[in-house]
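**Q** Provided herewith: run.txt, compact mmCIF, C-alpha atoms.
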```txt
# COMPACT_ATOMS: atom_id res chain seq x y z
CA MET A 22 242.07 126.81 151.16
CA LYS A 23 241.94 130.09 149.24
CA ALA A 24 243.30 128.44 146.12
CA LEU A 25 240.75 125.63 146.39
CA LEU A 26 237.86 128.05 146.70
CA ARG A 27 239.05 130.09 143.76
CA LEU A 28 239.51 126.95 141.71
CA GLY A 29 235.97 125.88 142.59
CA TRP A 30 234.47 129.18 141.47
CA ILE A 31 236.51 129.28 138.27
CA THR A 32 235.37 125.72 137.55
CA LEU A 33 231.74 126.78 137.98
CA ILE A 34 232.22 129.69 135.57
CA VAL A 35 233.89 127.53 132.93
CA LEU A 36 231.30 124.76 133.36
CA GLY A 37 228.48 127.27 133.07
CA ILE A 38 229.80 128.69 129.80
CA THR A 39 230.43 125.20 128.41
CA ILE A 40 226.90 124.04 129.25
CA GLN A 41 225.38 127.20 127.74
CA PHE A 42 226.99 126.60 124.38
CA THR A 43 226.52 122.83 124.40
CA ARG A 44 222.84 123.34 125.12
CA GLY A 45 222.67 125.39 121.94
CA ARG A 46 223.57 122.42 119.80
CA ARG A 47 221.11 120.17 121.64
CA SER A 48 218.20 122.60 121.39
CA ASP A 49 218.57 123.01 117.65
CA ALA A 50 217.82 119.32 117.16
CA ASP A 51 214.08 119.85 116.63
CA SER A 52 214.22 123.21 114.91
CA ASP A 53 212.25 122.18 111.80
CA LEU A 54 208.84 121.66 113.31
CA MET A 55 207.05 121.53 109.95
CA ALA A 56 209.26 118.70 108.75
CA GLY A 57 208.54 116.85 112.00
CA LEU A 58 204.83 117.39 111.46
CA ALA A 59 204.96 116.02 107.92
CA ALA A 60 206.92 112.99 109.15
CA GLY A 61 204.32 112.40 111.88
CA LEU A 62 201.48 112.53 109.36
CA GLU A 63 203.33 110.04 107.19
CA GLN A 64 203.41 107.65 110.16
CA LEU A 65 199.61 107.91 110.26
CA ASP A 66 199.41 107.15 106.52
CA VAL A 67 198.30 110.66 105.72
CA GLN A 68 199.72 112.11 102.51
CA THR A 69 200.56 115.78 102.88
CA GLU A 70 200.81 118.81 100.66
CA GLY A 71 201.92 122.26 101.66
CA PRO A 72 202.46 124.01 103.94
CA ASN A 73 200.71 127.01 102.42
CA ALA A 74 201.60 130.64 103.08
CA ALA A 75 199.69 130.57 106.37
CA GLY A 76 201.71 127.54 107.51
CA ILE A 77 198.81 125.11 107.18
CA LEU A 78 199.52 121.56 106.06
CA THR A 79 196.78 119.81 104.12
CA GLY A 80 196.59 116.03 104.44
CA HIS A 81 194.73 113.27 102.65
CA SER A 82 193.91 109.95 104.24
CA GLU A 83 192.97 106.91 102.17
CA SER A 84 189.95 106.29 104.37
CA CYS A 85 188.44 109.73 103.80
CA ASP A 86 187.62 111.74 100.70
CA GLN A 87 187.81 115.08 102.44
CA PRO A 88 191.11 116.71 103.35
CA LEU A 89 192.28 117.39 106.87
CA HIS A 90 194.33 120.38 107.96
CA VAL A 91 197.18 120.61 110.43
CA MET A 92 198.83 123.73 111.80
CA LEU A 93 201.13 124.92 114.58
CA VAL A 94 199.72 127.42 117.06
CA GLY A 95 201.46 129.20 119.95
CA ILE A 96 200.41 128.07 123.45
CA ASP A 97 200.61 131.64 124.78
CA GLY A 98 197.25 132.64 123.31
CA ALA A 99 198.66 135.24 120.90
CA GLU A 100 196.94 133.49 118.01
CA GLU A 101 193.63 133.25 119.85
CA GLU A 102 191.81 135.40 117.31
CA TRP A 103 192.88 133.26 114.40
CA LEU A 104 192.07 130.12 116.36
CA GLY A 105 188.61 131.42 117.24
CA GLY A 106 187.93 131.99 113.55
CA ILE A 107 188.89 128.42 112.74
CA SER A 108 186.73 126.96 115.52
CA GLN A 109 183.66 128.94 114.46
CA SER A 110 183.99 128.53 110.72
CA GLN A 111 184.60 124.80 110.89
CA SER A 112 181.19 123.58 112.01
CA SER A 113 181.62 120.57 109.74
CA SER A 114 184.92 119.73 111.40
CA MET A 115 186.29 118.17 114.55
CA LEU A 116 189.29 119.70 116.26
CA ARG A 117 192.16 117.94 117.99
CA TYR A 118 194.63 119.83 120.15
CA VAL A 119 197.91 117.93 120.30
CA TYR A 120 200.77 118.96 122.54
CA LEU A 121 203.71 116.98 123.90
CA GLY A 122 201.98 113.62 123.87
CA SER A 123 198.53 114.77 124.94
CA VAL A 124 195.51 114.92 122.63
CA GLY A 125 192.30 116.73 123.47
CA ALA A 126 189.09 117.72 121.75
CA THR A 127 189.19 121.05 123.58
CA ARG A 128 192.04 123.31 124.40
CA ASP A 129 193.26 123.02 127.99
CA ARG A 130 195.52 126.02 128.30
CA PRO A 131 196.86 125.50 131.86
CA ALA A 132 197.60 121.84 131.11
CA MET A 133 199.50 122.76 127.94
CA PHE A 134 201.46 125.43 129.75
CA GLY A 135 202.26 122.99 132.55
CA ARG A 136 203.50 120.36 130.09
CA TRP A 137 205.66 122.96 128.36
CA ILE A 138 207.27 124.07 131.64
CA TRP A 139 207.83 120.49 132.81
CA ALA A 140 209.35 119.46 129.46
CA ASP A 141 211.60 122.52 129.57
CA VAL A 142 212.76 121.59 133.06
CA LEU A 143 213.56 118.05 131.89
CA PHE A 144 215.44 119.45 128.89
CA THR A 145 217.39 121.79 131.12
CA VAL A 146 218.55 119.00 133.40
CA GLY A 147 219.40 116.80 130.43
CA LEU A 148 216.54 114.30 130.74
CA ARG A 149 214.95 115.36 127.46
CA PRO A 150 216.87 115.49 124.19
CA ALA A 151 215.11 118.44 122.52
CA LYS A 152 213.86 121.75 123.79
CA PRO A 153 210.06 121.85 123.73
CA ARG A 154 208.63 124.51 121.46
CA PRO A 155 205.75 126.57 122.80
CA LYS A 156 203.56 125.60 119.86
CA PHE A 157 200.84 122.98 119.86
CA VAL A 158 199.44 121.16 116.84
CA LEU A 159 195.87 121.88 115.82
CA VAL A 160 194.30 119.16 113.67
CA VAL A 161 191.10 120.03 111.80
CA LEU A 162 189.31 116.81 110.82
CA PRO A 163 186.21 116.45 108.63
CA LYS A 164 183.20 115.35 110.69
CA ALA A 165 182.20 113.10 107.82
CA CYS A 166 185.10 110.80 108.66
CA PRO A 167 184.83 110.06 112.40
CA GLU A 168 187.36 107.23 112.15
CA LEU A 169 190.09 109.84 111.66
CA ALA A 170 189.53 111.02 115.22
CA THR A 171 190.74 107.67 116.51
CA LEU A 172 194.16 107.92 114.91
CA ARG A 173 197.17 108.25 117.20
CA TRP A 174 197.55 112.03 116.76
CA SER A 175 200.03 112.26 119.61
CA VAL A 176 202.79 111.30 117.15
CA LEU A 177 202.53 114.85 115.76
CA SER A 178 203.82 116.24 119.04
CA PRO A 179 205.30 113.39 121.06
CA TRP A 180 206.32 113.82 124.68
CA SER A 181 209.93 112.86 124.00
CA MET B 56 229.26 138.69 165.76
CA PRO B 57 231.09 138.92 162.44
CA PRO B 58 234.65 137.55 162.39
CA THR B 59 237.47 140.05 162.05
CA ILE B 60 241.13 139.76 161.18
CA GLY B 61 243.46 140.38 164.07
CA PRO B 62 247.11 139.77 164.74
CA ALA B 63 246.20 137.11 167.31
CA ASP B 64 244.58 134.94 164.68
CA ALA B 65 247.10 134.37 161.95
CA GLY B 66 244.95 131.55 160.55
CA LEU B 67 242.39 134.03 159.34
CA SER B 68 244.84 135.49 156.83
CA ARG B 69 244.59 132.22 154.98
CA ARG B 70 240.83 132.68 154.63
CA ILE B 71 239.35 134.37 151.65
CA GLY B 72 238.18 137.95 152.11
CA SER B 73 234.51 138.93 152.18
CA ARG B 74 235.02 141.39 149.34
CA GLU B 75 236.69 138.77 147.20
CA ALA B 76 233.91 136.24 147.87
CA GLY B 77 231.36 138.88 146.92
CA GLY B 78 233.31 139.64 143.78
CA TRP B 79 233.33 135.98 142.76
CA SER B 80 229.58 135.72 143.34
CA VAL B 81 228.91 138.73 141.14
CA LEU B 82 231.33 137.50 138.48
CA ILE B 83 229.73 134.03 138.34
CA VAL B 84 226.24 135.49 137.93
CA ALA B 85 227.38 138.12 135.43
CA VAL B 86 229.13 135.57 133.23
CA ALA B 87 226.05 133.32 133.23
CA PHE B 88 223.70 136.25 132.53
CA TRP B 89 225.68 137.49 129.55
CA ALA B 90 226.62 134.05 128.25
CA ASN B 91 222.93 133.26 128.03
CA ILE B 92 222.24 136.45 126.12
CA VAL B 93 225.26 136.12 123.83
CA ARG B 94 224.34 132.51 123.16
CA GLY B 95 220.80 133.52 122.14
CA THR B 96 218.41 130.92 120.81
CA GLY B 97 219.73 130.38 117.30
CA ASP B 98 222.92 128.93 115.93
CA MET B 99 226.34 129.36 117.51
CA PRO B 100 227.04 133.07 117.51
CA GLY B 101 229.06 135.02 115.04
CA PHE B 102 230.63 138.15 116.49
CA GLU B 103 228.15 140.50 114.83
CA ALA B 104 225.20 138.43 116.02
CA MET B 105 226.63 138.41 119.54
CA VAL B 106 226.95 142.19 119.61
CA THR B 107 223.44 142.58 118.21
CA ARG B 108 222.01 140.34 120.91
CA VAL B 109 223.79 142.29 123.64
CA LEU B 110 222.48 145.59 122.26
CA ASP B 111 218.99 144.21 121.71
CA ASN B 112 218.87 143.19 125.33
CA GLY B 113 218.75 146.84 126.29
CA ALA B 114 221.18 149.63 126.98
CA PHE B 115 220.21 149.71 130.62
CA ASP B 116 221.33 146.13 131.22
CA VAL B 117 224.84 147.17 130.21
CA PHE B 118 224.46 150.32 132.28
CA ALA B 119 223.26 148.28 135.29
CA TRP B 120 226.15 145.82 135.13
CA THR B 121 228.61 148.70 134.81
CA LEU B 122 227.21 150.08 138.05
CA VAL B 123 227.40 146.65 139.71
CA PHE B 124 231.05 146.14 138.79
CA ALA B 125 231.96 149.70 139.77
CA ARG B 126 230.71 148.96 143.30
CA THR B 127 231.64 145.31 143.70
CA ALA B 128 234.88 146.06 145.52
CA ARG B 129 233.03 148.10 148.16
CA MET B 130 230.06 145.82 148.76
CA SER B 131 230.89 144.68 152.25
CA GLU B 132 233.12 145.38 155.22
CA ALA B 133 236.70 144.16 154.98
CA GLY B 134 237.47 140.91 156.76
CA PRO B 135 237.29 137.19 156.16
CA ALA B 136 234.30 135.92 154.23
CA SER B 137 231.53 134.30 156.20
CA TRP B 138 230.34 130.78 155.40
CA ARG B 139 227.12 132.35 154.19
CA GLN B 140 228.98 134.45 151.63
CA MET B 141 231.12 131.55 150.42
CA SER B 142 228.25 129.11 150.22
CA THR B 143 226.16 131.70 148.36
CA ALA B 144 228.90 131.99 145.75
CA PHE B 145 228.76 128.20 145.29
CA LEU B 146 224.95 128.16 145.37
CA VAL B 147 224.57 130.78 142.63
CA GLY B 148 227.30 128.99 140.66
CA ALA B 149 225.33 125.74 140.90
CA ILE B 150 222.05 127.45 139.95
CA VAL B 151 223.44 129.02 136.79
CA LEU B 152 224.70 125.67 135.57
CA ALA B 153 221.12 125.27 134.34
CA PRO B 154 221.46 126.99 130.95
CA VAL B 155 218.23 128.96 131.01
CA ARG B 156 217.55 132.61 131.66
CA VAL B 157 215.23 131.80 134.53
CA ALA B 158 218.16 130.15 136.32
CA ALA B 159 220.20 133.32 135.88
CA ALA B 160 217.26 135.26 137.30
CA ALA B 161 217.09 132.92 140.30
CA ALA B 162 220.82 133.35 140.94
CA LEU B 163 220.48 137.13 140.64
CA GLY B 164 217.63 137.01 143.13
CA VAL B 165 219.52 134.86 145.63
CA LEU B 166 222.59 137.08 145.50
CA GLY B 167 220.47 140.23 145.67
CA VAL B 168 218.66 139.00 148.78
CA LEU B 169 221.96 137.99 150.42
CA LEU B 170 223.41 141.44 149.84
CA LEU B 171 220.33 143.18 151.17
CA THR B 172 220.11 141.03 154.32
CA ASP B 173 223.76 140.57 155.26
CA ARG B 174 224.70 142.72 158.25
CA ARG B 175 228.16 143.40 156.84
CA THR B 176 226.86 144.83 153.58
CA LEU B 177 227.74 148.47 153.00
CA LYS B 178 225.66 150.98 151.03
CA ALA B 179 227.41 150.09 147.79
CA GLY B 180 226.50 146.44 148.43
CA ARG B 181 222.85 147.30 149.04
CA ASP B 182 222.84 149.26 145.77
CA VAL B 183 224.27 146.23 143.99
CA GLY B 184 221.67 144.01 145.68
CA LEU B 185 218.83 146.23 144.46
CA VAL B 186 220.18 146.28 140.91
CA LEU B 187 220.56 142.49 140.91
CA LEU B 188 216.96 142.09 142.06
CA ALA B 189 215.81 144.51 139.35
CA LEU B 190 217.75 142.52 136.75
CA ALA B 191 216.15 139.31 138.07
CA PHE B 192 212.70 140.88 137.81
CA GLU B 193 213.38 142.06 134.27
CA THR B 194 214.64 138.62 133.25
CA ILE B 195 211.52 136.90 134.58
CA TRP B 196 209.17 139.58 133.25
CA THR B 197 210.46 139.26 129.70
CA SER B 198 210.68 135.45 129.75
CA GLN B 199 208.29 133.17 127.92
CA LEU B 200 206.84 132.16 131.27
CA LEU B 201 204.93 135.41 131.38
CA ASP B 202 203.86 135.41 127.73
CA PRO B 203 200.21 134.67 128.62
CA LEU B 204 200.17 137.80 130.77
CA GLN B 205 201.70 139.90 127.98
CA VAL B 206 199.16 138.48 125.52
CA PHE B 207 196.39 139.43 127.93
CA VAL B 208 197.72 143.00 128.07
CA GLY B 209 198.15 142.89 124.29
CA ARG B 210 194.36 142.56 124.00
CA ALA B 211 193.87 145.72 126.03
CA ASP B 212 196.50 147.38 123.86
CA ALA B 213 194.60 146.37 120.73
CA ALA B 214 191.41 147.97 122.10
CA THR B 215 193.33 151.12 123.08
CA CYS B 216 195.00 151.26 119.68
CA ALA B 217 191.64 151.02 117.92
CA PHE B 218 190.25 153.75 120.18
CA LEU B 219 193.21 156.07 119.50
CA SER B 220 192.94 155.40 115.76
CA GLY B 221 189.29 156.43 116.00
CA LEU B 222 190.35 159.73 117.56
CA LEU B 223 192.52 160.27 114.50
CA HIS B 224 189.49 159.63 112.25
CA THR B 225 190.79 156.23 111.19
CA GLU B 226 188.24 153.47 111.32
CA ALA B 227 189.73 150.55 113.24
CA ILE B 228 188.39 147.70 115.30
CA ALA B 229 190.03 145.34 117.78
CA HIS B 230 189.30 141.70 118.31
CA ALA B 231 191.45 139.77 120.78
CA ASN B 232 195.03 140.94 120.20
CA VAL B 233 194.41 141.97 116.59
CA VAL B 234 193.86 145.55 115.40
CA GLU B 235 192.13 145.82 112.06
CA ASN B 236 192.40 149.12 110.25
CA LEU B 237 189.24 149.18 108.14
CA SER B 238 190.27 152.34 106.29
CA THR B 239 193.36 150.72 104.77
CA ASN B 240 192.32 147.08 105.08
CA PHE B 241 195.44 146.35 107.12
CA SER B 242 195.72 144.52 110.42
CA ILE B 243 198.37 143.79 113.01
CA ALA B 244 198.55 141.20 115.78
CA ILE B 245 200.07 142.32 119.08
CA TYR B 246 202.42 139.60 120.27
CA PRO B 247 203.94 139.39 123.78
CA ALA B 248 207.08 141.42 123.05
CA CYS B 249 204.95 144.19 121.48
CA ALA B 250 202.61 144.57 124.46
CA SER B 251 202.82 147.78 126.48
CA SER B 252 203.56 145.78 129.64
CA PHE B 253 206.68 144.17 128.17
CA PRO B 254 209.10 147.15 128.60
CA LEU B 255 207.94 148.01 132.13
CA ALA B 256 210.53 145.87 133.92
CA GLY B 257 213.22 147.57 131.83
CA VAL B 258 211.74 150.94 132.77
CA SER B 259 211.95 149.97 136.46
CA LEU B 260 215.56 148.92 136.05
CA ALA B 261 216.40 152.16 134.23
CA PHE B 262 214.72 154.18 136.97
CA LEU B 263 216.65 152.41 139.71
CA VAL B 264 219.99 152.60 137.94
CA MET B 265 219.59 156.29 137.14
CA CYS B 266 218.72 157.07 140.78
CA LEU B 267 221.70 155.09 142.05
CA TYR B 268 224.05 156.73 139.58
CA GLN B 269 223.01 160.06 141.03
CA GLY B 270 223.78 158.80 144.51
CA ARG B 271 220.12 158.57 145.55
CA SER B 272 218.68 155.53 147.22
CA PRO B 273 215.16 154.51 146.24
CA ARG B 274 212.57 156.25 148.39
CA ALA B 275 208.81 155.99 148.80
CA GLN B 276 208.28 159.32 147.03
CA HIS B 277 209.98 157.91 143.93
CA ILE B 278 207.04 155.54 143.40
CA PHE B 279 204.99 158.46 142.08
CA TRP B 280 207.63 159.22 139.46
CA LEU B 281 208.08 155.56 138.64
CA GLY B 282 204.32 155.39 138.03
CA LEU B 283 204.56 158.38 135.68
CA SER B 284 207.46 156.65 133.94
CA PHE B 285 205.26 153.57 133.43
CA ILE B 286 202.42 155.69 132.04
CA ALA B 287 204.79 157.46 129.63
CA SER B 288 206.18 154.12 128.46
CA ILE B 289 202.69 152.67 127.93
CA LEU B 290 201.59 155.78 126.00
CA LEU B 291 204.67 155.59 123.82
CA THR B 292 203.92 151.94 123.03
CA GLU B 293 200.29 152.78 122.18
CA ILE B 294 201.43 155.55 119.82
CA ARG B 295 203.81 153.10 118.17
CA LEU B 296 201.02 150.54 117.78
CA VAL B 297 198.77 153.17 116.15
CA LEU B 298 201.57 153.98 113.71
CA LEU B 299 202.16 150.29 113.04
CA ALA B 300 198.47 149.71 112.34
CA THR B 301 198.20 152.61 109.89
CA ASN B 302 199.13 150.74 106.72
CA ARG B 303 201.74 148.31 105.41
CA SER B 304 204.39 150.89 104.50
CA SER B 305 204.04 152.58 107.88
CA TYR B 306 204.27 149.19 109.57
CA LEU B 307 207.49 148.34 107.73
CA TRP B 308 209.00 151.74 108.52
CA TRP B 309 208.20 151.56 112.23
CA HIS B 310 208.75 147.84 112.74
CA ASP B 311 211.76 147.07 110.55
CA GLY B 312 213.04 150.41 109.32
CA PRO B 313 214.40 153.65 110.81
CA GLY B 314 211.35 153.89 113.05
CA VAL B 315 212.85 151.22 115.31
CA SER B 316 215.74 153.52 116.24
CA ILE B 317 213.40 156.47 116.76
CA TYR B 318 211.20 154.43 119.09
CA ALA B 319 214.26 153.12 120.96
CA LEU B 320 215.63 156.63 121.41
CA ALA B 321 212.27 157.97 122.59
CA ALA B 322 211.94 155.07 125.07
CA LEU B 323 215.48 155.67 126.31
CA GLY B 324 214.84 159.40 126.68
CA LEU B 325 211.70 158.82 128.74
CA ALA B 326 213.40 156.18 130.87
CA VAL B 327 216.15 158.68 131.72
CA LEU B 328 213.89 161.72 132.13
CA PHE B 329 211.67 160.51 134.98
CA PRO B 330 214.39 159.40 137.41
CA ILE B 331 216.12 162.72 136.81
CA LEU B 332 212.88 164.55 137.60
CA ALA B 333 212.37 162.32 140.64
CA THR B 334 215.74 163.20 142.10
CA TRP B 335 215.71 166.85 141.04
CA ASN B 336 216.17 169.10 144.09
CA ASP B 337 215.88 166.11 146.38
CA PRO B 338 217.41 167.62 149.54
CA SER B 339 217.24 164.40 151.50
CA GLY B 340 219.26 162.46 148.95
CA LYS B 341 222.97 162.12 149.28
CA LEU B 342 225.27 162.62 146.39
CA LEU B 343 227.52 159.74 145.40
CA ALA B 344 230.54 161.76 146.43
CA ASP B 345 229.14 162.07 149.96
CA VAL B 346 228.54 158.37 150.17
CA ARG B 347 232.03 157.60 148.98
CA GLY B 348 233.43 160.02 151.51
```
For the structure just supplied, provide its representation as structure tokens.

**A**
Amino acid sequence: MKALLRLGWITLIVLGITIQFTRGRRSDADSDLMAGLAAGLEQLDVQTEGPNAAGILTGHSESCDQPLHVMLVGIDGAEEEWLGGISQSQSSSMLRYVYLGSVGATRDRPAMFGRWIWADVLFTVGLRPAKPRPKFVLVVLPKACPELATLRWSVLSPWS
Amino acid sequence: MPPTIGPADAGLSRRIGSREAGGWSVLIVAVAFWANIVRGTGDMPGFEAMVTRVLDNGAFDVFAWTLVFARTARMSEAGPASWRQMSTAFLVGAIVLAPVRVAAAAALGVLGVLLLTDRRTLKAGRDVGLVLLALAFETIWTSQLLDPLQVFVGRADAATCAFLSGLLHTEAIAHANVVENLSTNFSIAIYPACASSFPLAGVSLAFLVMCLYQGRSPRAQHIFWLGLSFIASILLTEIRLVLLATNRSSYLWWHDGPGVSIYALAALGLAVLFPILATWNDPSGKLLADVRG
């Protein structure tokens, strides 16, 4: 009995360490978020240039003369100031907040946080291949091209 | 009625001891806690990176675990382990299979609560229980789950930093979590790990560990000193933020240069000072030697 119990606890320790280090390799799968973003824009037939020093990708769609801008922003609110500046200065633009498969015209912070936690739980139990990053995608679209708003922006930050 | 070993029950000698079961529980949680830290979030660790991550996690975490292991053998009364103890060891082992820090925190919490509520736990076990709960609190407090809270505090820090800069005749303004130094045209953003609230869980842990090392159990009167310790830590962070917001060269010196070590030493000094003051001439406290005796 003693030996069995000890064996059980040793097994748990070894399993725990193994899972920790295996998880590392899994979580690195989506480490290049910018590359993923550029690939997503390509799927939407948007040609990209950049990113610039501020990490902003500029895209050009065939259906619109004006450029669109795409950037990654933390969901924790630390970049609120910067985000506020973008919202106010872009009166000729429409914004799209894309995070883990959801797209919104306004930023729903609790919903984003909830999706992040749920995706992290799924990743932890092995039901999601990549660890979700706590960064959503902000798409700044020119108001002059309303058809751009109908594109499937969720590909920039898919659920899975 | 807790089971005891007696000559009439030879079968009990085949059962695992309560101290050994407790030791396994602590070992399982400790391995998971440190494996998660050593693993970090980047690539597979090189030795130097591993050591850096351990040190970055805070001196008091090492200090706390040293205290835990020093007392593990005396956590509970001798005798066969109860089902509760054995199942807790398996429960915490199952929890930490989830490779996230929050899981380690949950396991620390479960084990801490068990130690504090088990009738057979001795004083050393209650000390260990308190330290495990403090470690759990620190782990949760510094996790990404609480980043929105730290960002919220970071905004207050930005306003305080601008106010303090004004007292030093430096024109600065704060908007959201950004401090803009108008005199030098330099600005900083206060991110979660830079907020004054971020180190407070570590300060609590340091306070507890220092008290326990001196053989004192936490008491209501210590809350006053813990509060002072918090205020000192917050003030130190605000001073650092003012220095960071001064200009680019000052920022680099205090954020990436020798200033990092100076800040760490000052924080460590304050974290040690207040528990010592709290337990100074505390006639009701018992020295560790008394407890051991």

**Q** Between A:Trp137, A:Trp174, A:Tyr118, A:Phe157, which is the closest to chain B once you count only C-alpha atoms?

**A**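 Of the candidates, the smallest distance to chain B is held by A:Trp137.
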
**Q** Interatomic distance between CA of Phe42 in chain A and CA of Gln199 in chain B?

**A**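 A separation of 20.1 Å between them.
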
**Q** Tell me, as a ChimeraX atom specification, which residues lie within 9 Å of Lys164 in chain A, counting only C-alpha atoms; anything in the same chain fewer than 2 positions away does not count.

**A** /A:112-115,162,166-167,169-170

**Q** Edge lengths and centre, in Å to one decimal, as lines of an AutoDock Vina configuration file: that's what I need for the box along x, y and z that holds all listed atoms of range 275-281 of chain B plus 3 Å on each side.

**A**
```
center_x = 207.5
center_y = 157.4
center_z = 143.7
size_x = 11.0
size_y = 9.8
size_z = 16.2
```

**Q** Which neighbours of Gly72 in chain B fall inside 6 Å, counting only C-alpha atoms, when residues of the same chain fewer than 3 positions from it are skipped, and could you give them as a PyMOL selection string?

**A** chain B and resi 75+134-136

**Q** Do you have the CA of Phe285 in chain B-CA of Phe241 in chain B distance handy?

**A** 29.0 Å

**Q** Taking (190.7, 119.2, 106.4) as a centre in this file's frame and 9 Å as the limit, can you find every polymer residue with an atom that close, using all atoms listed in the file, and give them as a ChimeraX atom specification?

**A** /A:79-81,87-91,114,160-163

**Q** Go ahead and save the picked residues with C-alpha atoms, as a PDB file, in the frame of the given file.

**A**
```
ATOM      1  CA  THR A  79     196.780 119.810 104.120  1.00  0.00           C
ATOM      2  CA  GLY A  80     196.590 116.030 104.440  1.00  0.00           C
ATOM      3  CA  HIS A  81     194.730 113.270 102.650  1.00  0.00           C
ATOM      4  CA  GLN A  87     187.810 115.080 102.440  1.00  0.00           C
ATOM      5  CA  PRO A  88     191.110 116.710 103.350  1.00  0.00           C
ATOM      6  CA  LEU A  89     192.280 117.390 106.870  1.00  0.00           C
ATOM      7  CA  HIS A  90     194.330 120.380 107.960  1.00  0.00           C
ATOM      8  CA  VAL A  91     197.180 120.610 110.430  1.00  0.00           C
ATOM      9  CA  SER A 114     184.920 119.730 111.400  1.00  0.00           C
ATOM     10  CA  VAL A 160     194.300 119.160 113.670  1.00  0.00           C
ATOM     11  CA  VAL A 161     191.100 120.030 111.800  1.00  0.00           C
ATOM     12  CA  LEU A 162     189.310 116.810 110.820  1.00  0.00           C
ATOM     13  CA  PRO A 163     186.210 116.450 108.630  1.00  0.00           C
TER      14      PRO A 163
END
```

**Q** Could you tell me which residues of chain B sit within 6 Å of chain A when counting all atoms listed in the file, and give me the result as a list in words?

**A**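 Every residue meeting the condition is included here: Ile71, Ile83, Gly148, Leu152, Pro154, Asp202, Pro203, Val206, Ala231 and Tyr246 of chain B.
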
**Q** Excluding same-chain residues fewer than 6 positions from Val147 in chain B, what lies within 12 Å of it counting all atoms listed in the file, as a PyMOL selection string?

**A** (chain A and resi 30+33-34+37) or (chain B and resi 77+79-88+139-141+153+158-169)

**Q** One decimal, in Å: what's the spacing between CA of Thr239 in chain B and CA of Asn302 in chain B?

**A** 6.1 Å

**Q** Would you kindly place N, CA and C atoms on range 162-174 of chain B and return the model as a PDB file, keeping the file's coordinate frame?

**A**
```pdb
ATOM      1  N   ALA B 162     219.507 133.067 140.321  1.00  0.00           N
ATOM      2  CA  ALA B 162     220.820 133.350 140.940  1.00  0.00           C
ATOM      3  C   ALA B 162     220.935 134.830 141.278  1.00  0.00           C
ATOM      4  N   LEU B 163     220.464 135.679 140.370  1.00  0.00           N
ATOM      5  CA  LEU B 163     220.480 137.130 140.640  1.00  0.00           C
ATOM      6  C   LEU B 163     219.661 137.441 141.888  1.00  0.00           C
ATOM      7  N   GLY B 164     218.511 136.782 141.986  1.00  0.00           N
ATOM      8  CA  GLY B 164     217.630 137.010 143.130  1.00  0.00           C
ATOM      9  C   GLY B 164     218.275 136.569 144.436  1.00  0.00           C
ATOM     10  N   VAL B 165     218.882 135.391 144.412  1.00  0.00           N
ATOM     11  CA  VAL B 165     219.520 134.860 145.630  1.00  0.00           C
ATOM     12  C   VAL B 165     220.638 135.794 146.101  1.00  0.00           C
ATOM     13  N   LEU B 166     221.465 136.207 145.145  1.00  0.00           N
ATOM     14  CA  LEU B 166     222.590 137.080 145.500  1.00  0.00           C
ATOM     15  C   LEU B 166     222.086 138.456 145.962  1.00  0.00           C
ATOM     16  N   GLY B 167     221.051 138.940 145.281  1.00  0.00           N
ATOM     17  CA  GLY B 167     220.470 140.230 145.670  1.00  0.00           C
ATOM     18  C   GLY B 167     219.941 140.191 147.090  1.00  0.00           C
ATOM     19  N   VAL B 168     219.231 139.124 147.426  1.00  0.00           N
ATOM     20  CA  VAL B 168     218.660 139.000 148.780  1.00  0.00           C
ATOM     21  C   VAL B 168     219.780 138.888 149.808  1.00  0.00           C
ATOM     22  N   LEU B 169     220.841 138.115 149.493  1.00  0.00           N
ATOM     23  CA  LEU B 169     221.960 137.990 150.420  1.00  0.00           C
ATOM     24  C   LEU B 169     222.568 139.365 150.722  1.00  0.00           C
ATOM     25  N   LEU B 170     222.779 140.135 149.654  1.00  0.00           N
ATOM     26  CA  LEU B 170     223.410 141.440 149.840  1.00  0.00           C
ATOM     27  C   LEU B 170     222.526 142.390 150.655  1.00  0.00           C
ATOM     28  N   LEU B 171     221.221 142.268 150.465  1.00  0.00           N
ATOM     29  CA  LEU B 171     220.330 143.180 151.170  1.00  0.00           C
ATOM     30  C   LEU B 171     220.113 142.766 152.628  1.00  0.00           C
ATOM     31  N   THR B 172     220.391 141.489 152.952  1.00  0.00           N
ATOM     32  CA  THR B 172     220.110 141.030 154.320  1.00  0.00           C
ATOM     33  C   THR B 172     221.363 140.824 155.161  1.00  0.00           C
ATOM     34  N   ASP B 173     222.523 140.810 154.509  1.00  0.00           N
ATOM     35  CA  ASP B 173     223.760 140.570 155.260  1.00  0.00           C
ATOM     36  C   ASP B 173     224.114 141.819 156.087  1.00  0.00           C
ATOM     37  N   ARG B 174     224.412 141.593 157.364  1.00  0.00           N
ATOM     38  CA  ARG B 174     224.700 142.720 158.250  1.00  0.00           C
ATOM     39  C   ARG B 174     225.977 143.462 157.850  1.00  0.00           C
TER      40      ARG B 174
END
```
